[in-house]
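Enquirer: coords.pdb is the file, holding PDB, C-alpha atoms:
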```
ATOM      1  CA  MET A 701     -13.804  72.302  96.395
ATOM      2  CA  LYS A 702     -11.312  72.148  93.528
ATOM      3  CA  GLU A 703     -14.034  71.686  90.937
ATOM      4  CA  MET A 704     -16.103  74.452  92.600
ATOM      5  CA  SER A 705     -13.273  76.981  92.250
ATOM      6  CA  LYS A 706     -12.741  75.949  88.614
ATOM      7  CA  PHE A 707     -16.473  76.244  87.921
ATOM      8  CA  ILE A 708     -16.607  79.746  89.430
ATOM      9  CA  ARG A 709     -13.679  80.846  87.260
ATOM     10  CA  ILE A 710     -15.420  79.466  84.153
ATOM     11  CA  LYS A 711     -18.733  81.152  85.007
ATOM     12  CA  ALA A 712     -17.186  84.429  86.221
ATOM     13  CA  HIS A 713     -18.136  86.295  83.030
ATOM     14  CA  SER A 714     -21.785  85.168  83.369
ATOM     15  CA  LEU A 715     -21.830  86.336  86.984
ATOM     16  CA  VAL A 716     -20.391  89.725  85.984
ATOM     17  CA  ILE A 717     -23.010  90.139  83.231
ATOM     18  CA  PHE A 718     -25.819  89.250  85.653
ATOM     19  CA  ILE A 719     -24.561  91.758  88.221
ATOM     20  CA  ILE A 720     -24.426  94.475  85.534
ATOM     21  CA  PHE A 721     -27.974  93.541  84.474
ATOM     22  CA  PHE A 722     -29.115  93.632  88.123
ATOM     23  CA  VAL A 723     -27.600  97.113  88.676
ATOM     24  CA  LEU A 724     -29.102  98.490  85.459
ATOM     25  CA  MET A 725     -32.549  97.188  86.410
ATOM     26  CA  ILE A 726     -32.352  98.863  89.814
ATOM     27  CA  PHE A 727     -31.087 102.058  88.165
ATOM     28  CA  SER A 728     -34.058 102.005  85.740
ATOM     29  CA  ILE A 729     -36.417 102.671  88.679
ATOM     30  CA  SER A 730     -35.196 106.299  88.596
ATOM     31  CA  PHE A 731     -36.756 106.582  85.109
ATOM     32  CA  GLY A 732     -40.255 106.085  86.558
ATOM     33  CA  ILE A 733     -40.666 102.379  85.764
ATOM     34  CA  ASP A 734     -42.900 100.567  88.269
ATOM     35  CA  ARG A 735     -40.809  99.161  91.131
ATOM     36  CA  ASN A 736     -42.957  96.066  91.547
ATOM     37  CA  TYR A 737     -42.481  95.304  87.871
ATOM     38  CA  ILE A 738     -38.686  95.676  88.199
ATOM     39  CA  TYR A 739     -38.584  93.545  91.352
ATOM     40  CA  TYR A 740     -40.651  90.856  89.670
ATOM     41  CA  ILE A 741     -38.278  90.758  86.701
ATOM     42  CA  LEU A 742     -35.229  90.636  89.021
ATOM     43  CA  LEU A 743     -36.781  87.848  91.091
ATOM     44  CA  LEU A 744     -37.490  85.727  88.017
ATOM     45  CA  ALA A 745     -34.063  86.514  86.507
ATOM     46  CA  THR A 746     -32.290  85.611  89.749
ATOM     47  CA  PHE A 747     -34.267  82.380  90.080
ATOM     48  CA  PHE A 748     -33.522  81.226  86.545
ATOM     49  CA  PHE A 749     -29.892  82.378  86.783
ATOM     50  CA  VAL A 750     -29.319  80.433  90.020
ATOM     51  CA  LEU A 751     -31.168  77.417  88.593
ATOM     52  CA  SER A 752     -28.972  77.602  85.492
ATOM     53  CA  LEU A 753     -25.861  77.756  87.657
ATOM     54  CA  ILE A 754     -26.968  74.709  89.665
ATOM     55  CA  ILE A 755     -27.711  72.662  86.551
ATOM     56  CA  SER A 756     -24.448  73.772  84.940
ATOM     57  CA  TYR A 757     -22.492  72.912  88.087
ATOM     58  CA  ILE A 758     -24.022  69.416  88.276
ATOM     59  CA  LYS A 759     -23.095  68.787  84.648
ATOM     60  CA  PHE A 760     -19.666  70.344  85.145
ATOM     61  CA  LYS A 761     -18.974  68.240  88.239
ATOM     62  CA  LYS A 762     -19.926  65.054  86.389
ATOM     63  CA  ALA A 763     -17.793  65.979  83.365
ATOM     64  CA  TYR A 764     -14.893  67.015  85.621
ATOM     65  CA  LYS A 765     -15.022  63.666  87.402
ATOM     66  CA  GLU A 766     -15.121  61.738  84.113
ATOM     67  CA  ILE A 767     -12.228  63.752  82.682
ATOM     68  CA  THR A 768     -10.177  63.278  85.853
ATOM     69  CA  MET A 769     -10.806  59.527  85.758
ATOM     70  CA  TRP A 770      -9.867  59.418  82.069
ATOM     71  CA  THR A 771      -6.609  61.315  82.607
ATOM     72  CA  ASN A 772      -5.682  58.713  85.232
ATOM     73  CA  ASP A 773      -6.550  55.865  82.875
ATOM     74  CA  PHE A 774      -6.416  56.696  79.158
ATOM     75  CA  SER A 775      -7.577  53.187  78.277
ATOM     76  CA  SER A 776     -11.064  54.000  79.637
ATOM     77  CA  ARG A 777     -13.769  55.657  77.520
ATOM     78  CA  PRO A 778     -13.332  59.453  77.545
ATOM     79  CA  ASN A 779     -15.960  62.064  78.274
ATOM     80  CA  PHE A 780     -17.922  63.019  75.133
ATOM     81  CA  LEU A 781     -16.501  66.569  75.298
ATOM     82  CA  ILE A 782     -12.970  65.182  74.968
ATOM     83  CA  GLU A 783     -13.942  62.557  72.414
ATOM     84  CA  LYS A 784     -15.408  65.224  70.121
ATOM     85  CA  SER A 785     -12.522  67.652  70.613
ATOM     86  CA  LYS A 786      -9.779  68.222  68.040
ATOM     87  CA  ILE A 787      -6.978  67.382  70.484
ATOM     88  CA  TYR A 788      -8.385  63.941  71.374
ATOM     89  CA  GLY A 789      -6.565  62.247  68.471
ATOM     90  CA  ASN A 790      -3.270  63.937  69.409
ATOM     91  CA  ILE A 791      -3.663  62.940  73.050
ATOM     92  CA  MET A 792      -4.320  59.293  72.140
ATOM     93  CA  THR A 793      -1.368  59.246  69.720
ATOM     94  CA  ILE A 794       0.944  60.522  72.463
ATOM     95  CA  TYR A 795      -0.580  58.032  74.911
ATOM     96  CA  GLU A 796       0.018  55.098  72.541
ATOM     97  CA  LYS A 797       3.618  56.194  71.974
ATOM     98  CA  ASN A 798       4.198  56.522  75.720
ATOM     99  CA  LYS A 799       2.607  53.106  76.246
ATOM    100  CA  ASP A 800       4.898  51.565  73.637
ATOM    101  CA  MET A 801       7.919  53.216  75.274
ATOM    102  CA  GLU A 802       6.806  51.979  78.685
ATOM    103  CA  ASN A 803       6.364  48.414  77.390
ATOM    104  CA  SER A 804       9.725  48.593  75.639
ATOM    105  CA  PHE A 805      11.391  49.821  78.826
ATOM    106  CA  GLU A 806       9.756  47.055  80.871
ATOM    107  CA  ASP A 807      10.938  44.464  78.334
ATOM    108  CA  LYS A 808      14.475  45.844  78.473
ATOM    109  CA  MET A 809      14.456  45.846  82.274
ATOM    110  CA  ARG A 810      13.196  42.271  82.330
ATOM    111  CA  LEU A 811      15.884  41.171  79.876
ATOM    112  CA  PHE A 812      18.520  43.071  81.847
ATOM    113  CA  LYS A 813      17.442  41.435  85.119
ATOM    114  CA  ASP A 814      17.484  38.023  83.448
ATOM    115  CA  TYR A 815      20.915  38.691  82.009
ATOM    116  CA  VAL A 816      22.381  39.984  85.284
ATOM    117  CA  SER A 817      20.995  36.942  87.079
ATOM    118  CA  MET A 818      22.559  34.638  84.474
ATOM    119  CA  TRP A 819      25.762  36.711  84.450
ATOM    120  CA  ALA A 820      26.096  36.456  88.246
ATOM    121  CA  HIS A 821      25.646  32.699  88.016
ATOM    122  CA  GLN A 822      28.187  32.340  85.195
ATOM    123  CA  ILE A 823      30.887  34.477  86.820
ATOM    124  CA  LYS A 824      30.851  32.234  89.883
ATOM    125  CA  THR A 825      32.683  29.547  87.873
ATOM    126  CA  PRO A 826      35.938  31.488  87.241
ATOM    127  CA  LEU A 827      35.737  33.005  90.732
ATOM    128  CA  PHE A 828      35.431  29.541  92.289
ATOM    129  CA  SER A 829      38.286  28.242  90.113
ATOM    130  CA  LEU A 830      40.459  31.211  91.060
ATOM    131  CA  ASP A 831      39.755  30.602  94.744
ATOM    132  CA  LEU A 832      40.883  26.970  94.393
ATOM    133  CA  ILE A 833      44.019  28.043  92.534
ATOM    134  CA  LEU A 834      44.944  30.647  95.154
ATOM    135  CA  ASN A 835      44.481  28.116  97.968
ATOM    136  CA  ASP A 836      46.714  25.619  96.208
ATOM    137  CA  HIS A 837      50.476  25.502  96.820
ATOM    138  CA  PRO A 838      52.413  26.338  94.812
ATOM    139  CA  ILE A 839      50.024  28.732  93.069
ATOM    140  CA  ASP A 840      49.669  28.163  89.313
ATOM    141  CA  ASP A 841      50.200  31.694  87.976
ATOM    142  CA  HIS A 842      49.145  30.813  84.424
ATOM    143  CA  ALA A 843      45.893  29.211  85.580
ATOM    144  CA  ALA A 844      45.165  32.149  87.895
ATOM    145  CA  LYS A 845      45.719  34.657  85.090
ATOM    146  CA  ALA A 846      43.470  32.622  82.805
ATOM    147  CA  GLU A 847      40.622  32.800  85.319
ATOM    148  CA  LEU A 848      41.222  36.533  85.841
ATOM    149  CA  PHE A 849      41.024  36.996  82.053
ATOM    150  CA  ALA A 850      37.694  35.140  82.022
ATOM    151  CA  ILE A 851      36.374  37.400  84.801
ATOM    152  CA  GLU A 852      37.505  40.494  82.898
ATOM    153  CA  GLU A 853      35.632  39.211  79.828
ATOM    154  CA  TYR A 854      32.428  38.816  81.813
ATOM    155  CA  ILE A 855      32.757  42.308  83.296
ATOM    156  CA  GLU A 856      33.538  43.884  79.910
ATOM    157  CA  THR A 857      30.505  42.194  78.358
ATOM    158  CA  LEU A 858      28.254  43.495  81.144
ATOM    159  CA  LEU A 859      29.615  47.040  80.744
ATOM    160  CA  SER A 860      29.168  46.848  76.971
ATOM    161  CA  TYR A 861      25.592  45.668  77.467
ATOM    162  CA  THR A 862      24.760  48.691  79.642
ATOM    163  CA  ARG A 863      26.496  51.084  77.234
ATOM    164  CA  LEU A 864      24.648  49.754  74.196
ATOM    165  CA  GLU A 865      21.296  49.928  75.999
ATOM    166  CA  SER A 866      21.976  53.519  77.041
ATOM    167  CA  LEU A 867      20.533  56.326  74.915
ATOM    168  CA  SER A 868      23.716  58.340  75.539
ATOM    169  CA  THR A 869      26.079  55.849  73.851
ATOM    170  CA  ASP A 870      28.524  57.775  71.686
ATOM    171  CA  PHE A 871      30.065  56.322  68.533
ATOM    172  CA  VAL A 872      33.235  58.015  67.322
ATOM    173  CA  PHE A 873      33.932  57.209  63.666
ATOM    174  CA  GLU A 874      37.490  57.468  62.409
ATOM    175  CA  GLU A 875      39.799  55.884  59.861
ATOM    176  CA  VAL A 876      41.425  52.762  61.310
ATOM    177  CA  SER A 877      43.436  49.824  60.025
ATOM    178  CA  LEU A 878      41.489  46.552  59.847
ATOM    179  CA  ASP A 879      44.741  44.601  60.241
ATOM    180  CA  GLU A 880      45.628  46.466  63.443
ATOM    181  CA  LEU A 881      42.201  45.774  64.942
ATOM    182  CA  ILE A 882      42.391  42.051  64.101
ATOM    183  CA  SER A 883      45.994  41.764  65.313
ATOM    184  CA  SER A 884      45.082  43.469  68.592
ATOM    185  CA  SER A 885      42.242  41.001  69.245
ATOM    186  CA  ILE A 886      44.447  38.031  68.330
ATOM    187  CA  LYS A 887      47.131  39.272  70.730
ATOM    188  CA  LYS A 888      44.546  39.719  73.480
ATOM    189  CA  TYR A 889      43.430  36.086  73.158
ATOM    190  CA  SER A 890      46.878  34.627  72.378
ATOM    191  CA  LYS A 891      47.207  32.858  75.732
ATOM    192  CA  VAL A 892      43.713  31.398  75.309
ATOM    193  CA  PHE A 893      44.723  30.128  71.853
ATOM    194  CA  ILE A 894      47.764  28.435  73.343
ATOM    195  CA  ARG A 895      45.812  26.926  76.225
ATOM    196  CA  LYS A 896      43.149  25.529  73.878
ATOM    197  CA  LYS A 897      45.854  24.480  71.363
ATOM    198  CA  ASN A 898      44.190  26.530  68.647
ATOM    199  CA  LYS A 899      45.982  27.988  65.642
ATOM    200  CA  VAL A 900      45.295  31.345  64.016
ATOM    201  CA  ASP A 901      45.385  31.838  60.265
ATOM    202  CA  PHE A 902      45.520  35.528  59.396
ATOM    203  CA  LYS A 903      47.108  37.275  56.454
ATOM    204  CA  PRO A 904      47.197  41.104  56.443
ATOM    205  CA  THR A 905      44.551  42.689  54.232
ATOM    206  CA  GLY A 906      45.967  46.228  53.973
ATOM    207  CA  LEU A 907      42.408  47.590  54.255
ATOM    208  CA  MET A 908      41.270  50.748  56.046
ATOM    209  CA  LEU A 909      37.860  51.226  57.662
ATOM    210  CA  THR A 910      35.840  54.194  58.810
ATOM    211  CA  THR A 911      34.308  52.924  62.008
ATOM    212  CA  ASP A 912      34.302  53.186  65.793
ATOM    213  CA  LYS A 913      37.574  51.588  66.877
ATOM    214  CA  LYS A 914      36.390  50.589  70.338
ATOM    215  CA  TRP A 915      33.131  48.946  69.254
ATOM    216  CA  PHE A 916      34.641  47.188  66.240
ATOM    217  CA  ALA A 917      37.297  45.742  68.551
ATOM    218  CA  PHE A 918      34.530  44.635  70.918
ATOM    219  CA  ILE A 919      32.822  42.806  68.039
ATOM    220  CA  LEU A 920      36.045  40.983  67.119
ATOM    221  CA  ASP A 921      36.695  40.107  70.777
ATOM    222  CA  GLN A 922      33.241  38.583  71.185
ATOM    223  CA  ILE A 923      33.618  36.418  68.078
ATOM    224  CA  LEU A 924      37.128  35.310  69.063
ATOM    225  CA  SER A 925      35.922  34.502  72.569
ATOM    226  CA  ASN A 926      33.115  32.330  71.176
ATOM    227  CA  SER A 927      35.427  30.629  68.705
ATOM    228  CA  ASN A 928      37.852  29.750  71.494
ATOM    229  CA  LYS A 929      35.094  28.474  73.756
ATOM    230  CA  TYR A 930      33.868  25.928  71.244
ATOM    231  CA  THR A 931      37.114  25.039  69.444
ATOM    232  CA  GLN A 932      39.786  22.698  70.786
ATOM    233  CA  ALA A 933      43.058  21.996  68.907
ATOM    234  CA  GLY A 934      41.589  23.606  65.811
ATOM    235  CA  THR A 935      42.069  26.651  63.582
ATOM    236  CA  ILE A 936      40.523  30.104  63.621
ATOM    237  CA  SER A 937      40.882  31.909  60.295
ATOM    238  CA  PHE A 938      40.500  35.523  59.206
ATOM    239  CA  TYR A 939      40.119  36.330  55.510
ATOM    240  CA  MET A 940      38.283  38.582  53.062
ATOM    241  CA  GLU A 941      35.789  37.552  50.405
ATOM    242  CA  GLY A 942      35.203  40.669  48.350
ATOM    243  CA  GLN A 943      33.986  43.267  50.855
ATOM    244  CA  LYS A 944      33.169  40.676  53.502
ATOM    245  CA  LEU A 945      35.355  39.815  56.498
ATOM    246  CA  ILE A 946      35.085  36.132  57.406
ATOM    247  CA  ILE A 947      36.029  34.690  60.811
ATOM    248  CA  LYS A 948      35.908  30.923  60.555
ATOM    249  CA  ASP A 949      36.625  28.267  63.185
ATOM    250  CA  THR A 950      36.787  24.480  63.122
ATOM    251  CA  GLY A 951      34.892  24.063  66.384
ATOM    252  CA  ILE A 952      31.793  22.083  67.317
ATOM    253  CA  GLY A 953      29.481  24.171  65.126
ATOM    254  CA  ILE A 954      25.868  25.181  65.691
ATOM    255  CA  ARG A 955      22.738  23.117  65.155
ATOM    256  CA  GLU A 956      20.699  24.168  62.121
ATOM    257  CA  GLU A 957      17.571  24.820  64.225
ATOM    258  CA  ASP A 958      19.537  27.194  66.495
ATOM    259  CA  LEU A 959      20.940  29.376  63.680
ATOM    260  CA  PRO A 960      17.860  31.638  63.195
ATOM    261  CA  ARG A 961      17.972  32.631  66.876
ATOM    262  CA  VAL A 962      21.693  32.968  67.621
ATOM    263  CA  PHE A 963      21.440  36.774  67.736
ATOM    264  CA  ASP A 964      18.442  36.787  70.118
ATOM    265  CA  LYS A 965      19.073  38.083  73.616
ATOM    266  CA  SER A 966      19.624  35.409  76.265
ATOM    267  CA  TYR A 967      19.324  32.616  73.703
ATOM    268  CA  THR A 968      22.083  30.116  74.462
ATOM    269  CA  GLY A 969      21.074  27.326  72.110
ATOM    270  CA  TYR A 970      22.031  23.674  72.392
ATOM    271  CA  ASN A 971      25.766  24.331  72.757
ATOM    272  CA  GLY A 972      25.335  26.870  75.540
ATOM    273  CA  ARG A 973      23.097  24.529  77.521
ATOM    274  CA  ILE A 974      25.306  21.466  77.062
ATOM    275  CA  TYR A 975      28.675  23.127  77.643
ATOM    276  CA  LYS A 976      27.341  25.718  80.133
ATOM    277  CA  LYS A 977      29.707  28.377  78.831
ATOM    278  CA  SER A 978      27.255  30.866  77.398
ATOM    279  CA  THR A 979      25.216  33.720  78.865
ATOM    280  CA  GLY A 980      23.390  34.111  75.562
ATOM    281  CA  ILE A 981      24.141  37.829  75.357
ATOM    282  CA  GLY A 982      27.438  38.089  73.431
ATOM    283  CA  LEU A 983      26.076  37.599  69.917
ATOM    284  CA  SER A 984      23.088  39.863  70.550
ATOM    285  CA  LEU A 985      25.536  42.619  71.551
ATOM    286  CA  VAL A 986      27.539  41.911  68.383
ATOM    287  CA  LYS A 987      24.348  42.329  66.344
ATOM    288  CA  SER A 988      23.439  45.611  68.085
ATOM    289  CA  ALA A 989      26.959  47.021  67.723
ATOM    290  CA  CYS A 990      27.066  46.031  64.032
ATOM    291  CA  GLU A 991      23.748  47.795  63.388
ATOM    292  CA  ASN A 992      25.148  50.968  64.939
ATOM    293  CA  LEU A 993      28.255  50.683  62.760
ATOM    294  CA  SER A 994      26.188  49.971  59.583
ATOM    295  CA  ILE A 995      27.703  46.499  59.263
ATOM    296  CA  ASP A 996      25.613  43.489  58.254
ATOM    297  CA  VAL A 997      26.501  40.333  60.181
ATOM    298  CA  SER A 998      25.405  36.752  59.574
ATOM    299  CA  ILE A 999      26.423  33.270  60.669
ATOM    300  CA  GLU A1000      26.799  30.016  58.760
ATOM    301  CA  SER A1001      27.530  26.789  60.582
ATOM    302  CA  LYS A1002      27.297  23.019  60.471
ATOM    303  CA  LEU A1003      27.300  20.843  63.537
ATOM    304  CA  GLY A1004      30.691  19.207  63.997
ATOM    305  CA  GLN A1005      32.274  21.178  61.129
ATOM    306  CA  GLY A1006      32.729  24.654  62.557
ATOM    307  CA  THR A1007      31.227  28.136  62.293
ATOM    308  CA  LYS A1008      31.663  31.026  59.888
ATOM    309  CA  VAL A1009      30.823  34.606  60.980
ATOM    310  CA  ILE A1010      30.418  36.971  58.028
ATOM    311  CA  PHE A1011      30.724  40.778  58.297
ATOM    312  CA  ASP A1012      29.680  42.825  55.263
ATOM    313  CA  LEU A1013      31.989  45.864  55.416
ATOM    314  CA  LYS A1014      30.752  47.626  52.252
ATOM    315  CA  ASN A1015      29.586  50.663  54.276
ATOM    316  CA  ALA A1016      32.799  50.848  56.313
ATOM    317  CA  LEU A1017      35.553  50.166  53.793
ATOM    318  CA  ASN A1018      37.428  53.211  52.523
TER
END
```
Transcribe the structure of this file into structure tokens.
Expert:
Amino acid sequence: MKEMSKFIRIKAHSLVIFIIFFVLMIFSISFGIDRNYIYYILLLATFFFVLSLIISYIKFKKAYKEITMWTNDFSSRPNFLIEKSKIYGNIMTIYEKNKDMENSFEDKMRLFKDYVSMWAHQIKTPLFSLDLILNDHPIDDHAAKAELFAIEEYIETLLSYTRLESLSTDFVFEEVSLDELISSSIKKYSKVFIRKKNKVDFKPTGLMLTTDKKWFAFILDQILSNSNKYTQAGTISFYMEGQKLIIKDTGIGIREEDLPRVFDKSYTGYNGRIYKKSTGIGLSLVKSACENLSIDVSIESKLGQGTKVIFDLKNALN
């Protein structure tokens, strides 16, 4: 019935014209024209008009069905009326863009589900350790705080992941001191440095940046966290080479074959699988945050000799 009502609306003007023609023919009888002749013309006109309507409706119903099917599945072949229309190209362009967005969203949801699953598995370790510490007597306050710090790191990384993936993420750029940002991160991880017997080598640079303070601090925290994870009784250094900030550690390093993929989401590499300390998301978040801050980041490393993370600050330095 829906297509019938649409067909009637489309053919309404033809019906009105036929009715006007019918009335005029009847009215012409008053001018002395033979009635039988008029009736014969009206009979033939009505027959052909109704026949035309029936044929048009059959074609319309078929086209309507094809168009309806096509709108439900744009990958199918469209009706020839649509295919020849000027808007067909625009419709298909919009459809392809929507399809790409849908695929991108599905990929992001799959990666997010994988990450949350991995994250939930990883966070069980500090939670289990904390439970053992709290059930021990006397309670080791330092060990308990260390596990709480690890849990906070996991939660902060998860929150940062969701913020970066959100379209509404706001970046507030302001002038900040590079030394203050580095010192703040070092202070945050000071107890971890002590526990791992790591030393920090940092000399003030006196440089100012125009950047987002919160996200730049997040980047530094992620790199320091990684350096601490894979360095024991070593040194973590901060220094400038021209316009590049270098964070170098003397840890276990990264295998050469893993280097091209260290920034890929959920890629843990050999170290992450062997030491079971990595969710594979930290460096990908660093890469995403750096892109938003117009900072180029790269990594150089040799297995057994340590890792060097290089930040090109040419677009951020004042």
Enquirer: May I have the protein, DNA and RNA residues with any atom at most 12 Å from the point (41.6, 44.0, 62.8), counting all atoms listed in the file, written as a PyMOL selection string?
Expert: chain A and resi 876-888+902-909+911+913-921+924+938-940+945-947
Enquirer: Filtering to C-alpha atoms, could you give me those residues as a tab-separated table (two decimals), in the frame of the given file?
Expert:
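Final file, selection.tsv:
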```
chain	number	residue	atom	x	y	z
A	876	VAL	CA	41.42	52.76	61.31
A	877	SER	CA	43.44	49.82	60.02
A	878	LEU	CA	41.49	46.55	59.85
A	879	ASP	CA	44.74	44.60	60.24
A	880	GLU	CA	45.63	46.47	63.44
A	881	LEU	CA	42.20	45.77	64.94
A	882	ILE	CA	42.39	42.05	64.10
A	883	SER	CA	45.99	41.76	65.31
A	884	SER	CA	45.08	43.47	68.59
A	885	SER	CA	42.24	41.00	69.24
A	886	ILE	CA	44.45	38.03	68.33
A	887	LYS	CA	47.13	39.27	70.73
A	888	LYS	CA	44.55	39.72	73.48
A	902	PHE	CA	45.52	35.53	59.40
A	903	LYS	CA	47.11	37.28	56.45
A	904	PRO	CA	47.20	41.10	56.44
A	905	THR	CA	44.55	42.69	54.23
A	906	GLY	CA	45.97	46.23	53.97
A	907	LEU	CA	42.41	47.59	54.26
A	908	MET	CA	41.27	50.75	56.05
A	909	LEU	CA	37.86	51.23	57.66
A	911	THR	CA	34.31	52.92	62.01
A	913	LYS	CA	37.57	51.59	66.88
A	914	LYS	CA	36.39	50.59	70.34
A	915	TRP	CA	33.13	48.95	69.25
A	916	PHE	CA	34.64	47.19	66.24
A	917	ALA	CA	37.30	45.74	68.55
A	918	PHE	CA	34.53	44.64	70.92
A	919	ILE	CA	32.82	42.81	68.04
A	920	LEU	CA	36.04	40.98	67.12
A	921	ASP	CA	36.70	40.11	70.78
A	924	LEU	CA	37.13	35.31	69.06
A	938	PHE	CA	40.50	35.52	59.21
A	939	TYR	CA	40.12	36.33	55.51
A	940	MET	CA	38.28	38.58	53.06
A	945	LEU	CA	35.35	39.82	56.50
A	946	ILE	CA	35.08	36.13	57.41
A	947	ILE	CA	36.03	34.69	60.81
```
Enquirer: Would you compute the distance between atom CA of Leu742 of chain A and atom CA of Lys761 of chain A? Give it in Å to one decimal.
Expert: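 It comes out at 27.7 Å.
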Enquirer: Between A:Ile758, A:Lys706, A:Ile936, A:Val892, which one has atoms that come closest to Phe849 of chain A, using all atoms listed in the file?
Expert: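 When distances to Phe849 of chain A are compared using all atoms listed in the file, the smallest one comes from A:Val892.
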Enquirer: I'd like the neighbourhood of Met704 of chain A as a list in words, where a residue qualifies if any of its atoms comes within 10 Å (using all atoms listed in the file), though same-chain residues fewer than 6 positions away should be ignored.
Expert: Ile710, Tyr757, Phe760 and Lys761 of chain A
Enquirer: Using Å and a single decimal, report how far atom CA of Thr910 of chain A sits from atom CA of Phe873 of chain A.
Expert: 6.0 Å
Enquirer: Check the smallest atom-to-atom distance from each of A:Leu858, A:Met801, A:Ile791, A:Ile741 to Ile823 of chain A using only C-alpha atoms, then report the winner.
Expert: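 The shortest atom-to-atom distance to Ile823 of chain A comes from A:Leu858.
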Enquirer: What gap, in Å, lies between atom CA of Leu1017 of chain A and atom CA of Gln943 of chain A?
Expert: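 The value is 7.7 Å.
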Enquirer: Give me the residues near Lys965 of chain A as an MDAnalysis selection string, where near means some atom within 8 Å (using all atoms listed in the file) and where sequence neighbours in that chain fewer than 6 positions away do not count.
Expert: chainID A and resid 811 980:981 983:984
Enquirer: Between A:Thr1007, A:Gln922, A:Asn898, A:Ser890, which residue has the minimum interatomic distance to Thr935 of chain A, considering all atoms listed in the file?
Expert: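 Of the candidates, the smallest distance to Thr935 of chain A is held by A:Asn898.
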Enquirer: Missing atoms in segment 804-816 of chain A need filling: write out N, CA, C and O atoms for it as a PDB file, keeping the file's coordinate frame.
Expert:
```pdb
ATOM      1  N   SER A 804       8.364  48.858  76.092  1.00  0.00           N
ATOM      2  CA  SER A 804       9.725  48.593  75.639  1.00  0.00           C
ATOM      3  C   SER A 804      10.703  48.664  76.800  1.00  0.00           C
ATOM      4  O   SER A 804      11.605  47.822  76.929  1.00  0.00           O
ATOM      5  N   PHE A 805      10.517  49.668  77.659  1.00  0.00           N
ATOM      6  CA  PHE A 805      11.391  49.821  78.826  1.00  0.00           C
ATOM      7  C   PHE A 805      11.238  48.642  79.775  1.00  0.00           C
ATOM      8  O   PHE A 805      12.236  48.118  80.297  1.00  0.00           O
ATOM      9  N   GLU A 806       9.997  48.205  79.996  1.00  0.00           N
ATOM     10  CA  GLU A 806       9.756  47.055  80.871  1.00  0.00           C
ATOM     11  C   GLU A 806      10.393  45.793  80.303  1.00  0.00           C
ATOM     12  O   GLU A 806      10.960  44.991  81.050  1.00  0.00           O
ATOM     13  N   ASP A 807      10.310  45.628  78.975  1.00  0.00           N
ATOM     14  CA  ASP A 807      10.938  44.464  78.334  1.00  0.00           C
ATOM     15  C   ASP A 807      12.452  44.512  78.506  1.00  0.00           C
ATOM     16  O   ASP A 807      13.087  43.485  78.800  1.00  0.00           O
ATOM     17  N   LYS A 808      13.029  45.706  78.319  1.00  0.00           N
ATOM     18  CA  LYS A 808      14.475  45.844  78.473  1.00  0.00           C
ATOM     19  C   LYS A 808      14.910  45.582  79.912  1.00  0.00           C
ATOM     20  O   LYS A 808      15.942  44.943  80.146  1.00  0.00           O
ATOM     21  N   MET A 809      14.125  46.076  80.866  1.00  0.00           N
ATOM     22  CA  MET A 809      14.456  45.846  82.274  1.00  0.00           C
ATOM     23  C   MET A 809      14.350  44.372  82.621  1.00  0.00           C
ATOM     24  O   MET A 809      15.179  43.837  83.373  1.00  0.00           O
ATOM     25  N   ARG A 810      13.350  43.706  82.057  1.00  0.00           N
ATOM     26  CA  ARG A 810      13.196  42.271  82.330  1.00  0.00           C
ATOM     27  C   ARG A 810      14.375  41.495  81.740  1.00  0.00           C
ATOM     28  O   ARG A 810      14.938  40.618  82.403  1.00  0.00           O
ATOM     29  N   LEU A 811      14.746  41.829  80.503  1.00  0.00           N
ATOM     30  CA  LEU A 811      15.884  41.171  79.876  1.00  0.00           C
ATOM     31  C   LEU A 811      17.174  41.455  80.633  1.00  0.00           C
ATOM     32  O   LEU A 811      18.024  40.562  80.803  1.00  0.00           O
ATOM     33  N   PHE A 812      17.309  42.711  81.101  1.00  0.00           N
ATOM     34  CA  PHE A 812      18.520  43.071  81.847  1.00  0.00           C
ATOM     35  C   PHE A 812      18.597  42.306  83.158  1.00  0.00           C
ATOM     36  O   PHE A 812      19.665  41.806  83.543  1.00  0.00           O
ATOM     37  N   LYS A 813      17.465  42.191  83.860  1.00  0.00           N
ATOM     38  CA  LYS A 813      17.442  41.435  85.119  1.00  0.00           C
ATOM     39  C   LYS A 813      17.767  39.964  84.873  1.00  0.00           C
ATOM     40  O   LYS A 813      18.512  39.348  85.641  1.00  0.00           O
ATOM     41  N   ASP A 814      17.200  39.425  83.788  1.00  0.00           N
ATOM     42  CA  ASP A 814      17.484  38.023  83.448  1.00  0.00           C
ATOM     43  C   ASP A 814      18.964  37.842  83.137  1.00  0.00           C
ATOM     44  O   ASP A 814      19.577  36.859  83.563  1.00  0.00           O
ATOM     45  N   TYR A 815      19.508  38.806  82.383  1.00  0.00           N
ATOM     46  CA  TYR A 815      20.915  38.691  82.009  1.00  0.00           C
ATOM     47  C   TYR A 815      21.824  38.824  83.229  1.00  0.00           C
ATOM     48  O   TYR A 815      22.779  38.048  83.392  1.00  0.00           O
ATOM     49  N   VAL A 816      21.557  39.798  84.091  1.00  0.00           N
ATOM     50  CA  VAL A 816      22.381  39.984  85.284  1.00  0.00           C
ATOM     51  C   VAL A 816      22.325  38.750  86.179  1.00  0.00           C
ATOM     52  O   VAL A 816      23.336  38.331  86.745  1.00  0.00           O
TER      53      VAL A 816
END
```
